[in-house]
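To be precise, the following lines are target.pdb, and they hold PDB, C-alpha atoms and all ligand atoms.
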```
ATOM      1  CA  MET S   1      53.507 -36.242 -57.602
ATOM      2  CA  GLU S   2      55.981 -34.070 -55.678
ATOM      3  CA  THR S   3      59.355 -35.672 -55.221
ATOM      4  CA  SER S   4      60.950 -35.133 -51.879
ATOM      5  CA  PRO S   5      64.634 -34.161 -51.955
ATOM      6  CA  LEU S   6      65.170 -36.586 -49.105
ATOM      7  CA  GLU S   7      63.788 -39.580 -50.967
ATOM      8  CA  LEU S   8      66.542 -42.136 -51.560
ATOM      9  CA  PRO S   9      67.133 -43.078 -55.212
ATOM     10  CA  ALA S  10      66.161 -46.723 -54.625
ATOM     11  CA  ASP S  11      62.927 -45.677 -52.878
ATOM     12  CA  ARG S  12      62.105 -43.356 -55.718
ATOM     13  CA  VAL S  13      62.484 -46.141 -58.291
ATOM     14  CA  GLN S  14      60.262 -48.397 -56.187
ATOM     15  CA  ARG S  15      57.627 -45.692 -55.781
ATOM     16  CA  ILE S  16      57.483 -44.950 -59.509
ATOM     17  CA  ALA S  17      57.335 -48.661 -60.361
ATOM     18  CA  ALA S  18      54.424 -49.037 -57.938
ATOM     19  CA  GLU S  19      52.644 -46.038 -59.447
ATOM     20  CA  LEU S  20      53.130 -47.351 -62.985
ATOM     21  CA  GLN S  21      52.402 -50.908 -61.860
ATOM     22  CA  CYS S  22      55.483 -52.300 -63.546
ATOM     23  CA  HIS S  23      58.855 -53.809 -62.655
ATOM     24  CA  PRO S  24      61.478 -51.337 -61.308
ATOM     25  CA  GLY S  25      63.683 -52.316 -64.274
ATOM     26  CA  ASP S  26      61.006 -51.461 -66.833
ATOM     27  CA  GLU S  27      61.828 -48.858 -69.478
ATOM     28  CA  GLN S  28      58.785 -46.795 -68.420
ATOM     29  CA  VAL S  29      60.427 -46.168 -65.041
ATOM     30  CA  ALA S  30      63.602 -44.879 -66.701
ATOM     31  CA  LEU S  31      61.603 -42.647 -69.047
ATOM     32  CA  ARG S  32      59.646 -41.216 -66.147
ATOM     33  CA  LEU S  33      62.862 -40.524 -64.204
ATOM     34  CA  ASP S  34      64.235 -38.724 -67.270
ATOM     35  CA  LYS S  35      61.085 -36.645 -67.565
ATOM     36  CA  GLU S  36      61.185 -35.559 -63.934
ATOM     37  CA  ASP S  37      64.927 -34.897 -63.886
ATOM     38  CA  GLU S  38      65.501 -31.260 -62.932
ATOM     39  CA  LEU S  39      69.028 -31.361 -64.311
ATOM     40  CA  ARG S  40      67.880 -32.678 -67.669
ATOM     41  CA  HIS S  41      68.734 -29.481 -69.564
ATOM     42  CA  PHE S  42      72.446 -29.946 -68.793
ATOM     43  CA  ARG S  43      72.454 -32.803 -71.280
ATOM     44  CA  GLU S  44      72.426 -30.177 -74.023
ATOM     45  CA  HIS S  45      75.828 -28.942 -72.902
ATOM     46  CA  PHE S  46      77.630 -32.191 -73.729
ATOM     47  CA  TYR S  47      78.513 -34.188 -76.811
ATOM     48  CA  ILE S  48      76.887 -37.623 -76.544
ATOM     49  CA  PRO S  49      78.694 -40.298 -78.605
ATOM     50  CA  LYS S  50      76.706 -42.088 -81.308
ATOM     51  CA  MET S  51      76.585 -45.872 -81.246
ATOM     52  CA  LYS S  52      78.097 -46.041 -84.731
ATOM     53  CA  ASP S  53      81.249 -44.219 -83.665
ATOM     54  CA  LEU S  54      82.038 -46.523 -80.763
ATOM     55  CA  PRO S  55      84.312 -49.587 -80.953
ATOM     56  CA  PRO S  56      82.738 -52.649 -82.566
ATOM     57  CA  ILE S  57      79.515 -53.883 -81.064
ATOM     58  CA  ASP S  58      76.749 -55.942 -82.531
ATOM     59  CA  LEU S  59      75.066 -53.253 -84.601
ATOM     60  CA  SER S  60      72.171 -55.556 -85.370
ATOM     61  CA  LEU S  61      71.061 -54.970 -81.781
ATOM     62  CA  VAL S  62      71.002 -51.187 -81.943
ATOM     63  CA  ASN S  63      70.082 -48.371 -84.214
ATOM     64  CA  LYS S  64      73.491 -47.076 -85.255
ATOM     65  CA  ASP S  65      72.351 -43.460 -85.358
ATOM     66  CA  ASP S  66      71.213 -43.597 -81.751
ATOM     67  CA  ASP S  67      73.019 -41.722 -79.029
ATOM     68  CA  ALA S  68      74.902 -44.062 -76.744
ATOM     69  CA  ILE S  69      73.537 -44.450 -73.236
ATOM     70  CA  TYR S  70      76.698 -43.347 -71.547
ATOM     71  CA  PHE S  71      77.728 -45.340 -68.483
ATOM     72  CA  LEU S  72      81.429 -44.482 -68.641
ATOM     73  CA  GLY S  73      81.432 -41.260 -66.638
ATOM     74  CA  HIS S  74      83.353 -43.101 -63.913
ATOM     75  CA  SER S  75      86.203 -43.475 -66.397
ATOM     76  CA  LEU S  76      85.995 -40.278 -68.430
ATOM     77  CA  GLY S  77      83.172 -37.768 -68.383
ATOM     78  CA  LEU S  78      81.682 -36.546 -71.664
ATOM     79  CA  GLN S  79      83.055 -33.530 -73.488
ATOM     80  CA  PRO S  80      81.319 -30.244 -72.670
ATOM     81  CA  LYS S  81      80.527 -28.420 -75.919
ATOM     82  CA  MET S  82      82.372 -25.284 -74.751
ATOM     83  CA  VAL S  83      85.738 -27.022 -74.355
ATOM     84  CA  LYS S  84      86.862 -26.332 -77.899
ATOM     85  CA  THR S  85      86.030 -22.617 -77.593
ATOM     86  CA  TYR S  86      87.921 -22.254 -74.324
ATOM     87  CA  LEU S  87      90.937 -24.156 -75.598
ATOM     88  CA  GLU S  88      91.042 -22.134 -78.797
ATOM     89  CA  GLU S  89      90.955 -18.896 -76.797
ATOM     90  CA  GLU S  90      94.002 -19.992 -74.822
ATOM     91  CA  LEU S  91      95.862 -21.324 -77.865
ATOM     92  CA  ASP S  92      95.220 -18.047 -79.693
ATOM     93  CA  LYS S  93      96.480 -16.090 -76.725
ATOM     94  CA  TRP S  94      99.595 -18.220 -76.538
ATOM     95  CA  ALA S  95     100.233 -17.808 -80.293
ATOM     96  CA  LYS S  96      99.738 -14.055 -80.146
ATOM     97  CA  MET S  97     101.465 -13.114 -76.910
ATOM     98  CA  GLY S  98     103.609 -15.996 -75.701
ATOM     99  CA  GLY S  99     104.621 -15.514 -72.092
ATOM    100  CA  TYR S 100     102.572 -12.341 -71.634
ATOM    101  CA  GLY S 101      99.576 -14.696 -71.469
ATOM    102  CA  HIS S 102     100.598 -15.484 -67.893
ATOM    103  CA  ASP S 103      99.143 -12.192 -66.728
ATOM    104  CA  VAL S 104      96.474 -11.081 -69.178
ATOM    105  CA  GLY S 105      93.226 -12.253 -70.750
ATOM    106  CA  LYS S 106      90.103 -13.796 -69.272
ATOM    107  CA  ARG S 107      92.067 -16.542 -67.582
ATOM    108  CA  PRO S 108      95.637 -15.444 -66.806
ATOM    109  CA  TRP S 109      97.687 -18.638 -66.623
ATOM    110  CA  ILE S 110      99.530 -17.608 -63.482
ATOM    111  CA  ILE S 111      96.234 -17.945 -61.626
ATOM    112  CA  GLY S 112      94.956 -20.788 -63.829
ATOM    113  CA  ASP S 113      94.321 -22.901 -60.754
ATOM    114  CA  GLU S 114      93.152 -20.167 -58.384
ATOM    115  CA  SER S 115      90.702 -18.722 -60.887
ATOM    116  CA  ILE S 116      88.641 -21.934 -60.901
ATOM    117  CA  VAL S 117      88.879 -22.824 -57.235
ATOM    118  CA  GLY S 118      85.654 -20.886 -56.603
ATOM    119  CA  LEU S 119      83.824 -23.284 -58.908
ATOM    120  CA  MET S 120      85.034 -26.215 -56.852
ATOM    121  CA  LYS S 121      84.213 -25.073 -53.343
ATOM    122  CA  ASP S 122      80.512 -25.910 -53.341
ATOM    123  CA  ILE S 123      81.136 -29.213 -55.103
ATOM    124  CA  VAL S 124      83.254 -30.479 -52.210
ATOM    125  CA  GLY S 125      81.845 -28.262 -49.447
ATOM    126  CA  ALA S 126      85.002 -26.382 -48.508
ATOM    127  CA  SER S 127      86.354 -22.846 -48.490
ATOM    128  CA  GLU S 128      88.664 -21.704 -51.257
ATOM    129  CA  LYS S 129      91.599 -21.592 -48.853
ATOM    130  CA  GLU S 130      91.186 -25.278 -48.109
ATOM    131  CA  ILE S 131      91.410 -26.402 -51.734
ATOM    132  CA  ALA S 132      94.315 -26.688 -54.155
ATOM    133  CA  LEU S 133      93.844 -27.667 -57.783
ATOM    134  CA  MET S 134      96.976 -29.317 -59.125
ATOM    135  CA  ASN S 135      98.666 -32.453 -60.401
ATOM    136  CA  ALA S 136      96.955 -35.787 -60.824
ATOM    137  CA  LEU S 137      94.968 -37.567 -58.141
ATOM    138  CA  THR S 138      97.577 -40.168 -57.214
ATOM    139  CA  VAL S 139     100.268 -37.493 -56.944
ATOM    140  CA  ASN S 140      98.052 -35.491 -54.588
ATOM    141  CA  LEU S 141      97.349 -38.588 -52.533
ATOM    142  CA  HIS S 142     101.088 -39.131 -52.144
ATOM    143  CA  LEU S 143     101.695 -35.496 -51.191
ATOM    144  CA  LEU S 144      98.915 -35.628 -48.595
ATOM    145  CA  LEU S 145     100.162 -38.900 -47.129
ATOM    146  CA  LEU S 146     103.678 -37.485 -46.887
ATOM    147  CA  SER S 147     102.247 -34.800 -44.604
ATOM    148  CA  PHE S 148      99.622 -36.775 -42.698
ATOM    149  CA  PHE S 149     101.207 -40.216 -42.321
ATOM    150  CA  LYS S 150     103.734 -39.712 -39.553
ATOM    151  CA  PRO S 151     104.044 -43.184 -38.082
ATOM    152  CA  THR S 152     105.374 -43.774 -34.575
ATOM    153  CA  PRO S 153     106.179 -47.106 -32.875
ATOM    154  CA  LYS S 154     102.673 -47.073 -31.356
ATOM    155  CA  ARG S 155     100.699 -45.570 -34.221
ATOM    156  CA  TYR S 156     101.890 -47.035 -37.485
ATOM    157  CA  LYS S 157      98.885 -48.295 -39.483
ATOM    158  CA  ILE S 158      96.852 -46.994 -42.391
ATOM    159  CA  LEU S 159      93.293 -48.321 -42.408
ATOM    160  CA  LEU S 160      91.637 -48.728 -45.814
ATOM    161  CA  GLU S 161      88.789 -50.639 -47.381
ATOM    162  CA  ALA S 162      89.298 -53.945 -49.205
ATOM    163  CA  LYS S 163      89.650 -53.785 -52.977
ATOM    164  CA  ALA S 164      90.438 -50.096 -52.899
ATOM    165  CA  PHE S 165      91.230 -48.786 -56.375
ATOM    166  CA  CYS S 166      94.639 -50.197 -57.343
ATOM    167  CA  SER S 167      96.342 -46.810 -57.477
ATOM    168  CA  ASP S 168      95.342 -46.051 -53.877
ATOM    169  CA  HIS S 169      96.436 -49.500 -52.785
ATOM    170  CA  TYR S 170      99.860 -49.036 -54.422
ATOM    171  CA  ALA S 171     100.192 -45.494 -53.058
ATOM    172  CA  ILE S 172      99.532 -46.647 -49.501
ATOM    173  CA  GLU S 173     101.780 -49.668 -49.834
ATOM    174  CA  SER S 174     104.662 -47.571 -51.132
ATOM    175  CA  GLN S 175     104.167 -44.871 -48.478
ATOM    176  CA  ILE S 176     104.506 -47.567 -45.833
ATOM    177  CA  GLN S 177     107.638 -48.949 -47.499
ATOM    178  CA  LEU S 178     109.064 -45.446 -47.800
ATOM    179  CA  ARG S 179     108.931 -45.202 -43.988
ATOM    180  CA  GLY S 180     110.776 -48.525 -43.695
ATOM    181  CA  LEU S 181     107.722 -50.242 -42.204
ATOM    182  CA  ASP S 182     106.352 -53.732 -42.738
ATOM    183  CA  VAL S 183     103.409 -53.634 -45.156
ATOM    184  CA  GLU S 184     101.841 -56.704 -43.542
ATOM    185  CA  LYS S 185     101.666 -54.946 -40.199
ATOM    186  CA  SER S 186     100.936 -51.403 -41.278
ATOM    187  CA  MET S 187      98.425 -51.851 -44.070
ATOM    188  CA  ARG S 188      95.178 -52.635 -42.266
ATOM    189  CA  ILE S 189      92.605 -53.682 -44.836
ATOM    190  CA  ILE S 190      89.006 -54.078 -43.789
ATOM    191  CA  LYS S 191      86.936 -56.595 -45.754
ATOM    192  CA  PRO S 192      83.185 -57.103 -45.998
ATOM    193  CA  ARG S 193      81.721 -59.992 -44.011
ATOM    194  CA  GLU S 194      81.785 -63.447 -45.575
ATOM    195  CA  GLY S 195      79.233 -63.565 -48.382
ATOM    196  CA  GLU S 196      78.637 -59.801 -48.351
ATOM    197  CA  GLU S 197      79.668 -57.263 -50.989
ATOM    198  CA  ILE S 198      79.800 -54.027 -49.071
ATOM    199  CA  LEU S 199      81.184 -52.981 -45.731
ATOM    200  CA  ARG S 200      78.860 -52.426 -42.808
ATOM    201  CA  LEU S 201      79.395 -49.112 -41.057
ATOM    202  CA  GLU S 202      79.186 -50.875 -37.691
ATOM    203  CA  ASP S 203      82.154 -53.090 -38.677
ATOM    204  CA  ILE S 204      84.231 -50.097 -39.770
ATOM    205  CA  LEU S 205      83.468 -48.280 -36.507
ATOM    206  CA  ASP S 206      84.212 -51.418 -34.529
ATOM    207  CA  ILE S 207      87.725 -51.729 -35.981
ATOM    208  CA  ILE S 208      88.371 -48.037 -35.384
ATOM    209  CA  GLU S 209      87.251 -48.485 -31.781
ATOM    210  CA  LYS S 210      89.406 -51.592 -31.218
ATOM    211  CA  GLU S 211      92.529 -50.676 -33.188
ATOM    212  CA  GLY S 212      92.293 -46.879 -33.424
ATOM    213  CA  ASP S 213      95.205 -46.321 -31.045
ATOM    214  CA  SER S 214      97.567 -47.989 -33.516
ATOM    215  CA  ILE S 215      96.099 -46.324 -36.629
ATOM    216  CA  ALA S 216      97.860 -43.200 -37.895
ATOM    217  CA  VAL S 217      95.681 -42.550 -40.940
ATOM    218  CA  ILE S 218      92.291 -43.776 -42.096
ATOM    219  CA  LEU S 219      91.983 -43.509 -45.851
ATOM    220  CA  PHE S 220      88.710 -44.519 -47.456
ATOM    221  CA  SER S 221      87.139 -43.772 -50.769
ATOM    222  CA  GLY S 222      84.014 -41.588 -50.640
ATOM    223  CA  VAL S 223      82.232 -43.858 -53.108
ATOM    224  CA  HIS S 224      83.841 -47.250 -53.758
ATOM    225  CA  PHE S 225      84.842 -47.466 -57.427
ATOM    226  CA  TYR S 226      83.603 -51.037 -57.881
ATOM    227  CA  THR S 227      80.669 -51.630 -55.545
ATOM    228  CA  GLY S 228      79.400 -48.036 -55.661
ATOM    229  CA  GLN S 229      79.103 -48.034 -51.877
ATOM    230  CA  LEU S 230      78.816 -44.507 -50.500
ATOM    231  CA  PHE S 231      80.737 -44.513 -47.234
ATOM    232  CA  ASN S 232      79.441 -42.562 -44.280
ATOM    233  CA  ILE S 233      82.124 -39.891 -44.374
ATOM    234  CA  PRO S 234      81.026 -37.900 -41.285
ATOM    235  CA  ALA S 235      80.644 -40.999 -39.099
ATOM    236  CA  ILE S 236      84.019 -42.490 -40.095
ATOM    237  CA  THR S 237      85.698 -39.100 -39.657
ATOM    238  CA  LYS S 238      84.237 -38.575 -36.209
ATOM    239  CA  ALA S 239      85.089 -42.065 -34.990
ATOM    240  CA  GLY S 240      88.655 -41.924 -36.327
ATOM    241  CA  GLN S 241      89.398 -38.501 -34.910
ATOM    242  CA  ALA S 242      88.017 -39.533 -31.512
ATOM    243  CA  LYS S 243      90.810 -42.125 -31.508
ATOM    244  CA  GLY S 244      93.445 -39.621 -32.561
ATOM    245  CA  CYS S 245      93.738 -40.744 -36.197
ATOM    246  CA  PHE S 246      93.871 -38.457 -39.218
ATOM    247  CA  VAL S 247      90.973 -39.242 -41.552
ATOM    248  CA  GLY S 248      91.189 -38.673 -45.302
ATOM    249  CA  PHE S 249      89.104 -39.596 -48.339
ATOM    250  CA  ASP S 250      89.742 -40.303 -51.984
ATOM    251  CA  LEU S 251      86.743 -38.721 -53.656
ATOM    252  CA  ALA S 252      87.408 -39.834 -57.248
ATOM    253  CA  HIS S 253      83.955 -41.411 -57.547
ATOM    254  CA  ALA S 254      82.189 -39.104 -55.121
ATOM    255  CA  VAL S 255      83.039 -35.661 -56.442
ATOM    256  CA  GLY S 256      80.370 -34.365 -58.798
ATOM    257  CA  ASN S 257      78.312 -37.422 -57.915
ATOM    258  CA  VAL S 258      77.169 -37.021 -54.307
ATOM    259  CA  GLU S 259      76.836 -34.100 -51.917
ATOM    260  CA  LEU S 260      79.986 -33.368 -49.964
ATOM    261  CA  HIS S 261      80.576 -31.135 -46.937
ATOM    262  CA  LEU S 262      84.256 -31.701 -46.230
ATOM    263  CA  HIS S 263      84.660 -28.629 -44.046
ATOM    264  CA  ASP S 264      81.568 -29.161 -41.896
ATOM    265  CA  TRP S 265      82.297 -32.858 -41.531
ATOM    266  CA  GLY S 266      85.778 -31.963 -40.238
ATOM    267  CA  VAL S 267      87.532 -34.289 -42.701
ATOM    268  CA  ASP S 268      91.299 -33.862 -42.306
ATOM    269  CA  PHE S 269      92.256 -34.208 -45.959
ATOM    270  CA  ALA S 270      90.901 -35.377 -49.292
ATOM    271  CA  CYS S 271      91.836 -35.661 -52.933
ATOM    272  CA  TRP S 272      89.950 -36.207 -56.174
ATOM    273  CA  CYS S 273      90.296 -36.102 -59.935
ATOM    274  CA  SER S 274      88.264 -33.963 -62.321
ATOM    275  CA  TYR S 275      88.059 -36.095 -65.461
ATOM    276  CA  LYS S 276      85.380 -38.518 -64.213
ATOM    277  CA  TYR S 277      82.120 -36.976 -63.005
ATOM    278  CA  LEU S 278      83.473 -33.449 -63.394
ATOM    279  CA  ASN S 279      84.058 -33.882 -67.144
ATOM    280  CA  SER S 280      87.321 -31.924 -67.342
ATOM    281  CA  GLY S 281      88.855 -34.254 -69.935
ATOM    282  CA  ALA S 282      91.811 -36.642 -69.815
ATOM    283  CA  GLY S 283      94.709 -34.970 -68.029
ATOM    284  CA  GLY S 284      92.475 -32.417 -66.265
ATOM    285  CA  ILE S 285      94.014 -31.167 -63.028
ATOM    286  CA  ALA S 286      93.108 -32.881 -59.784
ATOM    287  CA  GLY S 287      92.097 -31.495 -56.389
ATOM    288  CA  ALA S 288      93.345 -31.631 -52.831
ATOM    289  CA  PHE S 289      91.693 -30.499 -49.618
ATOM    290  CA  ILE S 290      93.234 -29.839 -46.229
ATOM    291  CA  HIS S 291      90.929 -28.690 -43.447
ATOM    292  CA  GLU S 292      91.662 -25.159 -42.251
ATOM    293  CA  LYS S 293      92.198 -26.435 -38.695
ATOM    294  CA  HIS S 294      95.550 -27.751 -39.967
ATOM    295  CA  ALA S 295      96.622 -24.471 -41.575
ATOM    296  CA  ASN S 296      99.399 -23.902 -39.057
ATOM    297  CA  THR S 297     100.152 -27.414 -37.950
ATOM    298  CA  VAL S 298     100.443 -29.744 -40.915
ATOM    299  CA  LYS S 299     103.272 -28.679 -43.170
ATOM    300  CA  PRO S 300     103.830 -29.767 -46.764
ATOM    301  CA  ALA S 301     106.608 -32.347 -46.915
ATOM    302  CA  LEU S 302     107.762 -31.311 -50.374
ATOM    303  CA  VAL S 303     107.595 -27.705 -51.491
ATOM    304  CA  GLY S 304     107.966 -25.625 -54.614
ATOM    305  CA  TRP S 305     107.313 -22.048 -55.598
ATOM    306  CA  PHE S 306     103.555 -22.379 -56.140
ATOM    307  CA  GLY S 307     103.198 -23.100 -52.441
ATOM    308  CA  HIS S 308     104.016 -19.428 -51.943
ATOM    309  CA  GLU S 309     101.181 -16.882 -52.052
ATOM    310  CA  LEU S 310     101.157 -15.138 -55.425
ATOM    311  CA  SER S 311     101.833 -11.804 -53.695
ATOM    312  CA  THR S 312     105.283 -12.940 -52.527
ATOM    313  CA  ARG S 313     106.047 -15.704 -55.044
ATOM    314  CA  PHE S 314     108.065 -13.490 -57.319
ATOM    315  CA  GLN S 315     110.238 -12.027 -54.601
ATOM    316  CA  MET S 316     112.284 -15.172 -55.101
ATOM    317  CA  ASP S 317     114.118 -14.601 -51.854
ATOM    318  CA  ASN S 318     114.221 -18.330 -51.107
ATOM    319  CA  ASN S 319     112.486 -17.798 -47.766
ATOM    320  CA  LEU S 320     109.483 -20.036 -47.215
TER     321      LEU S 320
HETATM  322  C1  LIG S 401      90.230 -42.999 -61.003
HETATM  323  C2  LIG S 401      90.875 -43.224 -59.714
HETATM  324  C3  LIG S 401      92.244 -42.978 -59.546
HETATM  325  C4  LIG S 401      93.099 -42.541 -60.710
HETATM  326  O1  LIG S 401      94.178 -41.813 -60.300
HETATM  327  P1  LIG S 401      95.002 -40.928 -61.341
HETATM  328  O2  LIG S 401      96.127 -40.431 -60.539
HETATM  329  O3  LIG S 401      94.072 -39.857 -61.841
HETATM  330  O4  LIG S 401      95.410 -41.818 -62.461
HETATM  331  C5  LIG S 401      92.800 -43.153 -58.292
HETATM  332  N1  LIG S 401      92.034 -43.565 -57.238
HETATM  333  C6  LIG S 401      90.715 -43.810 -57.374
HETATM  334  C7  LIG S 401      89.916 -44.247 -56.193
HETATM  335  C8  LIG S 401      90.104 -43.664 -58.607
HETATM  336  O5  LIG S 401      88.818 -43.929 -58.740
END
```
What is this file in C-alpha cells?
Amino acid sequence: METSPLELPADRVQRIAAELQCHPGDEQVALRLDKEDELRHFREHFYIPKMKDLPPIDLSLVNKDDDAIYFLGHSLGLQPKMVKTYLEEELDKWAKMGGYGHDVGKRPWIIGDESIVGLMKDIVGASEKEIALMNALTVNLHLLLLSFFKPTPKRYKILLEAKAFCSDHYAIESQIQLRGLDVEKSMRIIKPREGEEILRLEDILDIIEKEGDSIAVILFSGVHFYTGQLFNIPAITKAGQAKGCFVGFDLAHAVGNVELHLHDWGVDFACWCSYKYLNSGAGGIAGAFIHEKHANTVKPALVGWFGHELSTRFQMDNNL
C-alpha cells in the first residue's frame, strides 16, 4: 500500500497493525516499517555497535554477535564509516604542510566552517548567510541570549518550558543573573497541566497572550529532550512576535530528526548541536541561526576576528 508523506508516524503504526491484524507493538510491525523505510540504505554508512562490545548486560538474553538496536542517537549519533578517512586526510595534510593547510586541500581549514554550511541549510531550512557553525551548543545559546535578551523594566522575562534540558535551564538562569535581575521574577517556566506530561499548545499561546508584554525572549526546545514533544514552532513564533517578544529555539533534539523551516517560519534565532542526530561525533561543532531580518539590527555582544568576512579578516585594521 502507498504510504502518504502526510501520514503521522502514530497513524502509520496503527494502520500497519490493523493490516497485519496484530498489536502495534508486535515485532512484525517493526519489521514491516524497516522494509518500507526509504532511508534504509543509509544504515550501511554507519558502524552499528555489537551487543558484545557494549557495557555489561545480561548476555543470556541476547545473541552477543547481534547488532545493537541503537536508541542512543539523542546522546551521540553513530560513527559514519567515512569519518576515519576524512580525519586521516586532514591529519596527513597537517603533518605534511603545517600551517599551509589553512588555505589548501579539499577542505581548507580557514573555511572549515563555511565549507560545510551548505550542507546544513536544508536541514534547518535557512540560507547560508543565516547560519554559523561554531562552538558548542550551550556557548551558542549564551552568545545568542547576550544579543537577544535585552531586558527593560517592563519586558524582563524569559519564557521556557518546564524541565528544559539542564544546560538550557542553567544558561537562562545565569543570563538573568548576569543582568542583575531576580530569577524568580524573570524566569517564567510553563508547566503541563496537573496529571499531564506534555504542554498543550493552547496553554502556551494563552500565557504568551496574557504575559507577552512582559516577556523579552521566548526560548523553547524544538523537540523536548525527555518527553519527545515536538513543539509547534511556527505557532509559538507567530504568537510571541505578535506580542513583541523575540522567539528562539534550542533544536538539539529536532535537528536531523524533524523537518525545520526556520527562515520561512520567521524564527528569530536558534541553536543546535551536531553530535546527536547529525552524527558528527563528540566535540563536533554546533550551529547558530539568526534570521536575516536582524542582519542590521541585532549586533553580536561579544566579537572576535571570525565575525569579520574572510575577505577583510586579514586586513587586521581593528575596524569592525
Ligand atoms: C544535548 C543538549 C545540550 C548539550 O549542550 P552542549 O553545549 O552540547 O553540551 C543542551 N541543550 C539541549 C536541549 C540538549 O538536548
Q. Within 6 Å of ligand LIG 401 (chain S), counting only C-alpha atoms and all ligand atoms: which residues, as JSON, numbers by chain?
A. {"S": [136, 137, 138, 165, 167, 168, 225, 250, 252, 253, 273]}
Selected residues, C-alpha atoms, written as an mmCIF file, keeping the file's coordinate frame, please.
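Ended up saving to result20.cif:
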```cif
data_model
loop_
_atom_site.group_PDB
_atom_site.id
_atom_site.type_symbol
_atom_site.label_atom_id
_atom_site.label_comp_id
_atom_site.auth_asym_id
_atom_site.auth_seq_id
_atom_site.Cartn_x
_atom_site.Cartn_y
_atom_site.Cartn_z
ATOM 1 C CA ALA S 136 96.955 -35.787 -60.824
ATOM 2 C CA LEU S 137 94.968 -37.567 -58.141
ATOM 3 C CA THR S 138 97.577 -40.168 -57.214
ATOM 4 C CA PHE S 165 91.230 -48.786 -56.375
ATOM 5 C CA SER S 167 96.342 -46.810 -57.477
ATOM 6 C CA ASP S 168 95.342 -46.051 -53.877
ATOM 7 C CA PHE S 225 84.842 -47.466 -57.427
ATOM 8 C CA ASP S 250 89.742 -40.303 -51.984
ATOM 9 C CA ALA S 252 87.408 -39.834 -57.248
ATOM 10 C CA HIS S 253 83.955 -41.411 -57.547
ATOM 11 C CA CYS S 273 90.296 -36.102 -59.935
#
```
Near range 154-162 of chain S, 7 Å: range 182-292 of chain S residue rows, closest pairs, all atoms listed in the file, as JSON lines:
```
{"residue": "S:Ser186", "atom": "CA", "partner": "S:Lys157", "partner_atom": "CA", "distance": 4.1}
{"residue": "S:Met187", "atom": "CA", "partner": "S:Ile158", "partner_atom": "CA", "distance": 5.4}
{"residue": "S:Arg188", "atom": "CA", "partner": "S:Leu159", "partner_atom": "CA", "distance": 4.7}
{"residue": "S:Ile189", "atom": "CA", "partner": "S:Leu160", "partner_atom": "CA", "distance": 5.1}
{"residue": "S:Ile190", "atom": "CA", "partner": "S:Glu161", "partner_atom": "CA", "distance": 5.0}
{"residue": "S:Lys191", "atom": "CA", "partner": "S:Ala162", "partner_atom": "CA", "distance": 5.0}
{"residue": "S:Asp213", "atom": "CA", "partner": "S:Arg155", "partner_atom": "CA", "distance": 6.4}
{"residue": "S:Ser214", "atom": "CA", "partner": "S:Arg155", "partner_atom": "CA", "distance": 4.0}
{"residue": "S:Ile215", "atom": "CA", "partner": "S:Lys157", "partner_atom": "CA", "distance": 4.4}
{"residue": "S:Ala216", "atom": "CA", "partner": "S:Arg155", "partner_atom": "CA", "distance": 5.2}
{"residue": "S:Val217", "atom": "CA", "partner": "S:Ile158", "partner_atom": "CA", "distance": 4.8}
{"residue": "S:Ile218", "atom": "CA", "partner": "S:Leu159", "partner_atom": "CA", "distance": 4.7}
{"residue": "S:Leu219", "atom": "CA", "partner": "S:Leu160", "partner_atom": "CA", "distance": 5.2}
{"residue": "S:Phe220", "atom": "CA", "partner": "S:Leu160", "partner_atom": "CA", "distance": 5.4}
```
Can you write just those residues out, C-alpha atoms, as an mmCIF file, in the coordinates of the input?
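Once written, out.cif looks like this:
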```cif
data_model
loop_
_atom_site.group_PDB
_atom_site.id
_atom_site.type_symbol
_atom_site.label_atom_id
_atom_site.label_comp_id
_atom_site.auth_asym_id
_atom_site.auth_seq_id
_atom_site.Cartn_x
_atom_site.Cartn_y
_atom_site.Cartn_z
ATOM 1 C CA SER S 186 100.936 -51.403 -41.278
ATOM 2 C CA MET S 187 98.425 -51.851 -44.070
ATOM 3 C CA ARG S 188 95.178 -52.635 -42.266
ATOM 4 C CA ILE S 189 92.605 -53.682 -44.836
ATOM 5 C CA ILE S 190 89.006 -54.078 -43.789
ATOM 6 C CA LYS S 191 86.936 -56.595 -45.754
ATOM 7 C CA ASP S 213 95.205 -46.321 -31.045
ATOM 8 C CA SER S 214 97.567 -47.989 -33.516
ATOM 9 C CA ILE S 215 96.099 -46.324 -36.629
ATOM 10 C CA ALA S 216 97.860 -43.200 -37.895
ATOM 11 C CA VAL S 217 95.681 -42.550 -40.940
ATOM 12 C CA ILE S 218 92.291 -43.776 -42.096
ATOM 13 C CA LEU S 219 91.983 -43.509 -45.851
ATOM 14 C CA PHE S 220 88.710 -44.519 -47.456
#
```
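The residues caught by the PyMOL selection byres (((chain S and resi 59-67) around 7) and not hetatm) in this file are Ile48, Pro49, Lys50, Met51, Lys52, Ile57, Asp58, Ala68 and Ile69 of chain S.
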Q: Would you list the contacts of Ala301 in chain S as a PyMOL selection string, taking every protein, DNA or RNA residue within 12 Å and counting all atoms listed in the file, but skipping same-chain residues closer than 4 positions in sequence?
A: chain S and resi 140+142-150+307
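The closest residue to Val255 in chain S, picked from S:Leu278, S:Ala242, S:Ala286, S:Ile176 and counting only C-alpha atoms, is S:Leu278.
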**Q.** Distance query range 98-113 of chain S at most 12 Å, only C-alpha atoms, self and fewer than 3 positions along chain excluded, as a VMD selection string
**A.** chain S and resid 86 to 87 89 to 95 116 to 120 128 131 to 135 284 to 288 305 to 306 309 to 311 313 to 314
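CA of Pro151 in chain S sits 18.2 Å away from CA of Lys210 in chain S.
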Q) Just so the selection is clear, what residues does the PyMOL selection byres (((chain S and resi 229-231) around 12) and not hetatm) cover here, as a ChimeraX atom specification? A) /S:160-161,164,192,197-202,204-205,219-228,232-237,249-255,257-260
Q: Identify, on the basis of all atoms listed in the file, every residue whose closest approach to Ala17 in chain S does not exceed 12 Å; exclude the query and any residue fewer than 2 positions from it along the same chain; express the result as a ChimeraX atom specification.
A: /S:10-15,19-33
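Note that CA of Asp268 in chain S and CA of Glu184 in chain S are 25.2 Å apart.
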**Q.** Which residue of S:His294, S:His45, S:Lys96, S:Lys129 approaches Met82 in chain S most closely, using only C-alpha atoms
**A.** S:His45
The centre and edge lengths of an axis-aligned box containing all atoms of range 166-171 of chain S present in the file, extended by 3 Å on each side, are to be given in Å to one decimal, as AutoDock Vina command-line options.
```
--center_x 97.4 --center_y -47.8 --center_z -55.1 --size_x 11.6 --size_y 10.7 --size_z 10.7
```
